[in-house]
Every structure is written in structure tokens, then in C-alpha cells.
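Content type TSV, C-alpha atoms, from the file protein19.tsv:
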```tsv
chain	number	residue	atom	x	y	z
A	765	MET	CA	-3.28	8.19	66.78
A	766	ASP	CA	-3.60	9.87	63.36
A	767	TYR	CA	-3.16	6.70	61.29
A	768	ASP	CA	-6.39	5.50	59.63
A	769	GLN	CA	-6.14	1.86	58.61
A	770	TYR	CA	-9.16	2.22	56.34
A	771	GLY	CA	-7.84	5.22	54.42
A	772	THR	CA	-9.90	8.25	53.47
A	773	ASP	CA	-13.67	8.41	53.17
A	774	VAL	CA	-14.62	6.69	49.89
A	775	LEU	CA	-17.61	8.99	49.56
A	776	ALA	CA	-15.57	12.13	49.98
A	777	GLY	CA	-15.36	14.38	46.94
A	778	ASP	CA	-16.92	13.78	43.55
A	779	TRP	CA	-16.89	9.95	43.51
A	780	LYS	CA	-19.18	9.78	40.46
A	781	LYS	CA	-16.73	11.77	38.40
A	782	ARG	CA	-13.80	9.61	39.52
A	783	SER	CA	-15.53	6.36	38.54
A	784	ALA	CA	-16.79	7.57	35.17
A	785	LYS	CA	-15.09	6.04	32.11
A	786	PRO	CA	-13.27	8.45	29.81
A	787	PRO	CA	-15.21	9.23	26.63
A	788	ALA	CA	-14.38	7.11	23.59
A	789	ARG	CA	-12.15	8.85	21.07
A	790	GLN	CA	-13.45	9.85	17.67
A	791	ALA	CA	-12.13	8.06	14.59
A	792	ALA	CA	-12.60	9.23	11.01
A	793	ALA	CA	-14.33	6.63	8.82
A	794	GLU	CA	-11.73	6.66	6.07
A	795	LYS	CA	-11.79	4.04	3.34
A	796	GLY	CA	-9.86	0.90	4.21
A	797	LEU	CA	-10.15	1.40	7.99
A	798	VAL	CA	-11.01	-1.94	9.63
A	799	VAL	CA	-13.58	-1.69	12.45
A	800	GLU	CA	-15.92	-3.98	14.37
A	801	GLU	CA	-19.55	-3.10	15.10
A	802	VAL	CA	-20.11	-4.07	18.72
A	803	MET	CA	-23.77	-5.15	18.72
A	804	SER	CA	-23.57	-7.46	15.70
A	805	GLY	CA	-19.87	-8.42	15.90
A	806	PHE	CA	-19.60	-7.59	12.18
A	807	CYS	CA	-15.99	-6.75	11.26
A	808	GLY	CA	-15.02	-5.15	7.99
A	809	ALA	CA	-13.23	-2.39	6.13
A	810	VAL	CA	-14.87	0.95	5.44
A	811	VAL	CA	-15.88	1.11	1.78
A	812	GLY	CA	-18.13	4.16	1.84
A	813	ILE	CA	-20.44	6.53	3.72
A	814	GLU	CA	-23.98	7.26	2.64
A	815	ALA	CA	-26.86	9.08	4.36
A	816	GLY	CA	-25.17	9.11	7.76
A	817	ALA	CA	-24.28	5.42	7.64
A	818	VAL	CA	-20.91	3.76	7.20
A	819	GLN	CA	-20.66	0.79	4.83
A	820	LEU	CA	-18.40	-2.04	5.96
A	821	GLU	CA	-17.18	-4.93	3.80
A	822	ASP	CA	-16.03	-8.10	5.54
A	823	ARG	CA	-13.40	-10.57	4.33
A	824	PHE	CA	-16.06	-12.56	2.45
A	825	GLY	CA	-17.15	-9.54	0.41
A	826	LYS	CA	-20.40	-8.98	2.34
A	827	VAL	CA	-21.34	-5.33	2.81
A	828	ARG	CA	-23.46	-3.98	5.69
A	829	ALA	CA	-24.35	-0.43	6.71
A	830	PHE	CA	-24.36	0.91	10.27
A	831	PRO	CA	-25.16	4.40	11.64
A	832	LEU	CA	-22.15	6.59	12.28
A	833	GLY	CA	-21.44	7.28	15.95
A	834	PRO	CA	-20.57	5.14	18.97
A	835	GLY	CA	-20.60	1.35	19.09
A	836	PHE	CA	-17.46	0.48	17.10
A	837	LEU	CA	-14.10	-1.05	17.99
A	838	ILE	CA	-10.69	-0.55	16.41
A	839	ASP	CA	-8.18	-3.14	17.61
A	840	GLY	CA	-10.36	-3.67	20.67
A	841	GLU	CA	-10.60	0.05	21.52
A	842	ALA	CA	-14.06	1.64	21.68
A	843	VAL	CA	-14.39	4.54	19.23
A	844	VAL	CA	-17.00	6.94	17.93
A	845	LEU	CA	-16.98	6.68	14.16
A	846	VAL	CA	-17.41	10.04	12.45
A	847	ARG	CA	-17.44	11.29	8.88
A	848	GLN	CA	-13.97	12.06	7.61
A	849	SER	CA	-13.46	15.81	7.39
A	850	ALA	CA	-11.94	17.44	4.35
A	851	PRO	CA	-8.17	17.74	4.77
A	852	ALA	CA	-7.05	21.23	5.67
A	853	LYS	CA	-4.72	22.92	3.24
A	854	SER	CA	-1.23	23.07	4.58
A	855	THR	CA	2.15	24.13	3.30
A	856	THR	CA	3.58	21.04	4.98
A	857	ALA	CA	1.30	18.54	3.20
A	858	ARG	CA	3.00	15.39	1.99
A	859	THR	CA	2.46	13.10	-0.94
A	860	ALA	CA	1.63	9.42	-0.52
A	861	SER	CA	5.36	8.64	-0.76
A	862	GLY	CA	6.13	10.92	2.20
A	863	SER	CA	7.67	13.73	0.13
A	864	PHE	CA	6.69	17.34	0.72
A	865	ALA	CA	3.87	18.24	-1.65
A	866	VAL	CA	4.47	21.21	-3.95
A	867	ASP	CA	1.25	23.20	-3.86
A	868	GLY	CA	-0.03	24.04	-7.35
A	869	ALA	CA	2.92	22.44	-9.12
A	870	LYS	CA	2.36	21.17	-12.64
A	871	ALA	CA	3.76	17.99	-14.13
A	872	ARG	CA	7.04	18.48	-15.95
A	873	VAL	CA	7.63	17.66	-19.56
A	874	ALA	CA	8.59	13.99	-19.61
A	875	ARG	CA	12.26	13.12	-19.30
A	876	ALA	CA	13.90	10.79	-21.75
A	877	SER	CA	14.79	8.60	-18.78
A	878	ARG	CA	11.99	6.35	-17.57
A	879	ILE	CA	11.05	3.49	-15.27
A	880	LEU	CA	9.78	0.13	-16.51
A	881	VAL	CA	7.71	-1.91	-14.05
A	882	GLU	CA	7.09	-5.62	-14.59
A	883	GLY	CA	3.51	-6.56	-13.80
A	884	ARG	CA	0.30	-4.56	-14.11
A	885	HIS	CA	-0.45	-4.69	-10.39
A	886	ASP	CA	3.11	-3.60	-9.62
A	887	ALA	CA	2.74	-0.59	-11.92
A	888	GLU	CA	-0.59	0.36	-10.34
A	889	LEU	CA	0.95	0.23	-6.86
A	890	VAL	CA	3.88	2.43	-7.93
A	891	GLU	CA	1.41	4.93	-9.37
A	892	ARG	CA	-0.66	4.84	-6.20
A	893	VAL	CA	2.21	5.80	-3.91
A	894	TRP	CA	4.76	7.61	-6.09
A	895	GLY	CA	2.56	9.00	-8.88
A	896	ASP	CA	2.59	12.62	-7.65
A	897	ASP	CA	6.37	12.61	-7.22
A	898	LEU	CA	6.99	11.06	-10.62
A	899	ARG	CA	4.83	13.65	-12.39
A	900	ILE	CA	6.71	16.47	-10.66
A	901	GLU	CA	10.01	14.88	-11.74
A	902	GLY	CA	8.78	14.24	-15.29
A	903	VAL	CA	9.42	10.49	-15.04
A	904	VAL	CA	7.22	8.22	-17.12
A	905	VAL	CA	6.41	4.75	-15.75
A	906	GLU	CA	5.74	2.07	-18.36
A	907	TYR	CA	4.12	-1.29	-17.73
A	908	LEU	CA	6.31	-4.22	-18.70
A	909	ALA	CA	4.51	-7.51	-19.34
A	910	GLY	CA	7.67	-9.57	-18.73
A	911	ILE	CA	11.46	-9.30	-18.89
A	912	ASP	CA	12.28	-12.15	-21.29
A	913	ASP	CA	12.98	-9.59	-24.05
A	914	LEU	CA	14.46	-6.94	-21.76
A	915	ASP	CA	17.87	-7.00	-23.43
A	916	SER	CA	16.46	-6.31	-26.92
A	917	LEU	CA	14.10	-3.66	-25.53
A	918	ILE	CA	17.06	-1.85	-23.99
A	919	ARG	CA	19.04	-2.04	-27.24
A	920	ASP	CA	16.12	-0.49	-29.12
A	921	TYR	CA	15.82	2.27	-26.53
A	922	GLU	CA	19.53	3.14	-26.74
A	923	PRO	CA	20.04	4.47	-23.20
A	924	GLY	CA	22.80	6.97	-22.47
A	925	PRO	CA	24.00	9.39	-19.77
A	926	GLY	CA	20.87	11.57	-20.04
A	927	LYS	CA	18.55	8.76	-21.05
A	928	ARG	CA	18.58	6.16	-18.31
A	929	ILE	CA	16.28	3.22	-17.73
A	930	GLY	CA	15.24	1.87	-14.35
A	931	VAL	CA	13.56	-1.52	-14.20
A	932	LEU	CA	11.53	-2.96	-11.32
A	933	VAL	CA	11.35	-6.75	-11.63
A	934	ASP	CA	8.77	-9.00	-9.98
A	935	HIS	CA	10.13	-11.64	-7.55
A	936	LEU	CA	13.83	-11.07	-8.24
A	937	VAL	CA	15.66	-13.70	-6.18
A	938	PRO	CA	19.13	-15.32	-6.57
A	939	GLY	CA	19.29	-18.20	-9.04
A	940	SER	CA	16.05	-17.34	-10.83
A	941	LYS	CA	15.60	-16.74	-14.54
A	942	GLU	CA	14.90	-13.10	-13.72
A	943	SER	CA	18.21	-12.72	-11.86
A	944	ARG	CA	20.13	-14.17	-14.82
A	945	ILE	CA	18.49	-11.70	-17.21
A	946	ALA	CA	19.22	-8.81	-14.83
A	947	ASP	CA	22.88	-9.88	-14.54
A	948	ALA	CA	23.21	-10.02	-18.33
A	949	VAL	CA	21.85	-6.48	-18.64
A	950	ARG	CA	24.29	-5.20	-16.00
A	951	ARG	CA	27.23	-6.74	-17.89
A	952	GLY	CA	25.99	-5.47	-21.25
A	953	PRO	CA	27.10	-2.38	-23.18
A	954	HIS	CA	24.40	-0.20	-21.62
A	955	GLY	CA	24.85	-1.50	-18.08
A	956	GLN	CA	26.00	1.80	-16.57
A	957	ASN	CA	22.83	3.55	-17.77
A	958	VAL	CA	20.39	0.80	-16.81
A	959	LEU	CA	19.48	-0.17	-13.25
A	960	VAL	CA	17.55	-3.40	-12.69
A	961	VAL	CA	16.22	-3.99	-9.17
A	962	GLY	CA	13.51	-6.23	-7.79
A	963	HIS	CA	11.52	-7.23	-4.77
A	964	PRO	CA	11.62	-10.68	-3.14
A	965	PHE	CA	7.86	-11.19	-2.86
A	966	ILE	CA	6.08	-14.01	-4.65
A	967	ASP	CA	3.63	-11.38	-5.82
A	968	ILE	CA	3.39	-7.60	-5.35
A	969	TRP	CA	0.29	-8.19	-3.18
A	970	GLN	CA	2.70	-9.23	-0.42
A	971	ALA	CA	4.32	-5.79	-0.49
A	972	VAL	CA	1.18	-4.44	1.17
A	973	LYS	CA	1.46	-4.88	4.93
A	974	PRO	CA	-0.95	-7.64	6.03
A	975	ALA	CA	-2.24	-5.45	8.86
A	976	ARG	CA	-3.99	-3.31	6.24
A	977	LEU	CA	-6.24	-6.35	5.64
A	978	ASN	CA	-6.57	-7.12	9.33
A	979	LEU	CA	-4.14	-10.05	8.98
A	980	SER	CA	-1.15	-10.92	11.13
A	981	ALA	CA	0.61	-12.38	8.06
A	982	TRP	CA	-0.12	-13.29	4.47
A	983	PRO	CA	-1.37	-16.90	4.17
A	984	VAL	CA	1.17	-19.51	3.07
A	985	ILE	CA	0.06	-21.07	-0.21
A	986	PRO	CA	1.14	-24.67	-1.03
A	987	ARG	CA	3.38	-25.25	-4.04
A	988	GLY	CA	1.42	-26.12	-7.14
A	989	THR	CA	-1.42	-23.73	-6.30
A	990	GLU	CA	-1.64	-20.51	-8.28
A	991	TRP	CA	-0.68	-17.94	-5.66
A	992	LYS	CA	-3.35	-15.28	-6.20
A	993	HIS	CA	-6.13	-17.87	-6.37
A	994	GLY	CA	-4.74	-19.52	-3.25
A	995	ILE	CA	-4.69	-16.21	-1.38
A	996	CYS	CA	-8.28	-15.42	-2.32
A	997	GLU	CA	-9.39	-18.90	-1.29
A	998	ALA	CA	-7.56	-18.66	2.05
A	999	LEU	CA	-9.21	-15.29	2.75
A	1000	GLY	CA	-12.64	-16.51	1.73
A	1001	TRP	CA	-12.81	-14.22	-1.30
A	1002	PRO	CA	-14.28	-15.22	-4.71
A	1003	HIS	CA	-11.58	-16.68	-6.97
A	1004	ASP	CA	-13.33	-18.47	-9.82
A	1005	ASP	CA	-12.00	-16.34	-12.67
A	1006	GLN	CA	-9.71	-13.45	-13.55
A	1007	ALA	CA	-12.44	-10.92	-12.81
A	1008	ASP	CA	-12.50	-12.16	-9.20
A	1009	ILE	CA	-8.72	-11.79	-8.99
A	1010	ALA	CA	-8.93	-8.27	-10.39
A	1011	ARG	CA	-11.54	-7.33	-7.79
A	1012	ALA	CA	-9.39	-8.81	-5.04
A	1013	TRP	CA	-6.44	-6.67	-6.12
A	1014	LYS	CA	-8.59	-3.53	-6.22
A	1015	ARG	CA	-9.68	-4.34	-2.69
A	1016	ILE	CA	-6.07	-4.72	-1.55
A	1017	LEU	CA	-4.90	-1.62	-3.43
A	1018	GLY	CA	-7.75	0.35	-1.86
A	1019	THR	CA	-6.21	-0.16	1.58
A	1020	VAL	CA	-2.95	1.54	0.56
A	1021	ARG	CA	-2.99	5.17	1.65
A	1022	SER	CA	0.71	5.94	1.72
A	1023	TYR	CA	4.22	4.48	1.81
A	1024	ALA	CA	3.59	3.50	5.45
A	1025	ASP	CA	1.26	0.73	4.25
A	1026	LEU	CA	4.03	-0.96	2.23
A	1027	GLU	CA	6.94	-3.16	3.25
A	1028	PRO	CA	10.25	-1.26	3.51
A	1029	VAL	CA	12.06	-3.52	1.04
A	1030	LEU	CA	9.80	-2.31	-1.80
A	1031	LEU	CA	10.10	1.33	-0.73
A	1032	GLY	CA	13.87	1.16	-0.95
A	1033	ARG	CA	13.88	-0.35	-4.43
A	1034	VAL	CA	11.48	2.20	-5.94
A	1035	GLU	CA	13.27	5.15	-4.34
A	1036	GLU	CA	16.54	3.78	-5.72
A	1037	LEU	CA	15.10	3.73	-9.23
A	1038	ILE	CA	13.74	7.27	-8.96
A	1039	ASP	CA	17.11	8.55	-7.77
A	1040	PHE	CA	18.87	6.72	-10.61
A	1041	VAL	CA	16.75	8.14	-13.44
A	1042	THR	CA	16.60	11.70	-12.06
A	1043	ALA	CA	20.24	12.20	-10.99
A	1044	VAL	CA	21.42	12.87	-14.56
A	1045	PRO	CA	21.40	15.80	-17.04
A	1046	GLU	CA	17.92	15.83	-18.53
A	1047	GLU	CA	16.97	14.97	-22.08
A	1048	ARG	CA	13.36	15.55	-23.04
A	1049	THR	CA	11.22	13.26	-25.14
```

Let me see the structure of the file written as C-alpha cells.
Amino acid sequence: MDYDQYGTDVLAGDWKKRSAKPPARQAAAEKGLVVEEVMSGFCGAVVGIEAGAVQLEDRFGKVRAFPLGPGFLIDGEAVVLVRQSAPAKSTTARTASGSFAVDGAKARVARASRILVEGRHDAELVERVWGDDLRIEGVVVEYLAGIDDLDSLIRDYEPGPGKRIGVLVDHLVPGSKESRIADAVRRGPHGQNVLVVGHPFIDIWQAVKPARLNLSAWPVIPRGTEWKHGICEALGWPHDDQADIARAWKRILGTVRSYADLEPVLLGRVEELIDFVTAVPEERT
């Protein structure tokens, strides 16, 4: 009988090769990448590389250095951490917003049309992701401290067919003061040349995907607690003064590499504004 109830010889062939684990993949130690060092269990984001060592910063702001190489985990997968190589030049390179990069292109002379962004952090995030595109298009982004005086600001600016204004408002939700101001602008004499849009987040920090900070979701902060301070406290970050809040934002902003790190609802609003202010005959400032 040819049937062998015990199967083939387990020692036949190269059994050592069959049982060997596949080599760990290499991962570039780019800034913002969250990794865990196996021996110590230290988990943090890459903040720099110096003398063959990678510097990791954990959620409490503590920084430790470890030699590049094996012994790291990314989402539970063993990796060999290597120095990030210089990006190769390519005709298909893309900007942080996902647009095709125009090699060697210079910024255009500024259009008369422009985009106003409420909130300093909001403006910095727009610059981070869309800055290259906006310079190519000649669109100036201006920081707007608040929108209480938006109507008078628009009257002073005197928008027209070739001189549009796009406005990105912080936490624009139905029934809010901000929504009432936006509605008044839309009904006003310059409404057809002004577009006011907003995002629903309590703060622009929430527009950054929580996974970039190794979180499953942004912490829920109780009413009555200043949101940014509450977030820093929940994450174990310093939050005693405004300087601590500024450092926290820089840490969050540093994890944003491209549009893929932002929530889609913000992407749509900013792209809508860019389309609005560029899809008109140009006037130059």
C-alpha cells in the first residue's frame, strides 16, 4: 500500500531553511514615526537621528536614544530601523496636498483673491499641507484672529469677480455665533464673491488623525475645561502655560507629513476654498 499515514520524512530537504523566520523589513526612521524599542519597551515618536542613534520622544515628552538597526516594533511588527535616505528626484513627485509637484516652478505674483484662515494653528496647518500649491497659484493666506468683524473686513476689501475672498472658520456648526456671521456674509452684497466654509472640530488639532499620535481617538474633554489644556493633561503632556500649549501644537504639527494625515472633512473644505479663489479671471495685487 502506497499510503503513508505519517506523511513525508520531516527531515527530508532543507528543514532549517523552511523553519527560519523571514527577515524583518527595513523601516526609514522618519520624523513622527511611532516605534517601540523591544528591550526597554520604550515607545515614542522619532524626533531626530544623531551619530547612528535614533531619538524617540514618548507621550510624556521624555526623549531617549537607541542605536539604529533591529530591535524595534511598528504596530507589533518587528522592523529594522534605518536612516531615511534622501528622496530621489522624480517627475512624478507630489506635494504634501497630493498634487503633482512642478519641478523648478517659482511662486506666482500674488493674486488679488486670497484666503483668510481663522486661528493661528489653523493657518499653520494649511501652510504645512497646501503651502506649495498656494505659492504656485499665487494665493496669499492671511491669519484671521476671529470673525466677529468679518463683515466690515469684507466691506473694506471690496471683493469682486476677480478679487474673491475665501474664509476658513474654526468650529463652524449650525446654530453657533460663527454660523450666523457666515450666513450674514452670504446674504450680503458681496456674497457671490465670498465663500465662508468651516470645519466641525472643537479645535483644529482634531483635524489631525489620532493615529499620527498613536491614539485610537482624541480624548473627550469635559465641558468647562479649556480644550487644549484638557488634551495635554489627558495625554500626560505639560500644560501649565501658553508656552506648553505651543509646544504641544508643534509636536502635533510635526506628525503631519501630507494630506493623508488629516481628516477628509478638512481636506474638502480647503480644496473648495482654493478652487473658489482660483477659478476666476486674475487681478494682481

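Of the listed residues (A:Pro834, A:Gly924, A:Gly1000, A:Gly895), A:Gly895 comes nearest to Tyr1023 (chain A); the distances count only C-alpha atoms.
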
List every residue of region 994-1025 of chain A that has an atom at most 10 Å from any atom of region 872-886 of chain A, and for each one report the closest atom pair and its distance in Å to one decimal, counting all atoms listed in the file, with rows sorted by chain and then by increasing residue number, as CSV.
```
residue,atom,partner,partner_atom,distance
A:Ala1010,CA,A:His885,CA,9.2
A:Trp1013,CA,A:His885,CA,7.6
A:Lys1014,CA,A:His885,CA,9.2
A:Leu1017,CA,A:His885,CA,8.8
```

Find the distance between CA of Glu942 (chain A) and CA of Asp915 (chain A) and write it in Å to one decimal.
11.8 Å

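For the residues A:Gln790, A:Ser916, A:Ser940, A:Gln1006, ranking by smallest atom-to-atom distance to Ser849 (chain A) using all atoms listed in the file places A:Gln790 first.
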
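Straight-line separation from CA of Lys992 (chain A) to CA of Ile966 (chain A): 9.6 Å.
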
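Our summary of the geometry notes that CA of Ile900 (chain A) is positioned 14.2 Å from CA of Ala1043 (chain A).
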
From the list A:Gly952, A:Gly808, A:Gly926, A:Gly962, the nearest residue to Leu979 (chain A) using all atoms listed in the file is A:Gly808
